[in-house]
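Inspection log for the structure reproduced underneath, given as structure tokens.
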Amino acid sequence: MKIVTLIARLLLGLMFVVLGLNGFLNFLNMGPMPSGLAGQFIMALALSHYFWVIAGLQVAGGVLLLVNRFVPLGLVLLGPVIVNILLYHGFLNPSGAALGIVATVLWFIVFYSQRQYFSGIFAQRT
């Protein structure tokens, strides 16, 4: 299980560092802009510069996973990004959802190995 977790952590970190850096440097061709509501959503993210915040969170979370320091913090940073990726593809643009699903599976594999650090948020308190 340690090897599976290591591979998942490295793949997830590498995925988000590369795609996050692409948000700043545009070195990957992302294809044409989607039409309709999906395109309007992407345009709103780009014009408001909110996309840079998302890309920064992706790079920060990915680097934390790659260097194996503060892995729970990296998971916390990447969790909402993954949720938004899934919701975007679920509601606005179903094509391309495979990468989001892969990221989700990798995130849960790494999360499972770090679950002891999250035990406090799952405790019921009166």
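Naming works like this for the structure tokens: A, B, ... for the chains as they're shown, residue 1 at the start of each chain, ligands 1 onward in shown order.
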
Closest-contact table, region 80-126 of chain A side, partner region 45-68 of chain A, 10 Å, counting only C-alpha atoms, as a Markdown table:
```
| residue | atom | partner | partner_atom | distance |
| --- | --- | --- | --- | --- |
| A:Pro80 | CA | A:Ile54 | CA | 9.8 |
| A:Val81 | CA | A:Ile54 | CA | 7.2 |
| A:Ile82 | CA | A:Gln58 | CA | 9.6 |
| A:Val110 | CA | A:Leu65 | CA | 9.3 |
```

Give me the region 94-120 of chain A side of the contact with region 8-29 of chain A, cut-off 8 Å, one line per residue showing its nearest atom pair and distance in Å at one decimal, counting only C-alpha atoms, sorted by chain and residue number, as CSV.
```
residue,atom,partner,partner_atom,distance
A:Ala103,CA,A:Leu12,CA,6.4
A:Leu106,CA,A:Ala8,CA,5.2
A:Trp107,CA,A:Leu12,CA,6.9
A:Ile109,CA,A:Ala8,CA,6.7
A:Val110,CA,A:Arg9,CA,5.9
```

Write a file of the selected residues as an mmCIF file, in the first residue's frame, keeping N, CA and C atoms.
```cif
data_model
loop_
_atom_site.group_PDB
_atom_site.id
_atom_site.type_symbol
_atom_site.label_atom_id
_atom_site.label_comp_id
_atom_site.auth_asym_id
_atom_site.auth_seq_id
_atom_site.Cartn_x
_atom_site.Cartn_y
_atom_site.Cartn_z
ATOM 1 N N ALA A 103 -7.999 12.463 -10.915
ATOM 2 C CA ALA A 103 -7.492 13.287 -9.811
ATOM 3 C C ALA A 103 -8.222 12.959 -8.514
ATOM 4 N N LEU A 106 -6.946 9.564 -7.184
ATOM 5 C CA LEU A 106 -5.612 9.736 -6.607
ATOM 6 C C LEU A 106 -5.677 10.497 -5.286
ATOM 7 N N TRP A 107 -6.531 11.537 -5.219
ATOM 8 C CA TRP A 107 -6.672 12.318 -3.991
ATOM 9 C C TRP A 107 -7.146 11.427 -2.850
ATOM 10 N N ILE A 109 -6.795 8.187 -2.523
ATOM 11 C CA ILE A 109 -5.745 7.234 -2.141
ATOM 12 C C ILE A 109 -4.760 7.909 -1.178
ATOM 13 N N VAL A 110 -4.350 9.126 -1.517
ATOM 14 C CA VAL A 110 -3.415 9.849 -0.646
ATOM 15 C C VAL A 110 -4.107 10.228 0.662
#
```

Picked from region 24-126 of chain A by DSSP as alpha helix (DSSP H), as a PyMOL selection string: chain A and resi 24-25+36-47+50-67+71-91+97-113

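As for CA of Phe118 (chain A) and CA of Leu73 (chain A), they are spaced 10.3 Å apart.
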
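With only C-alpha atoms as the atoms that count, the minimum distance from Phe70 (chain A) to the choices A:Ile85, A:Ala98, A:Gln114, A:Gln124 is reached by A:Gln114.
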
I'd like the neighbourhood of Phe108 (chain A) as a count of residues only, where a residue qualifies if any of its atoms comes within 12 Å (using only C-alpha atoms), though same-chain residues fewer than 3 positions away should be ignored. 21
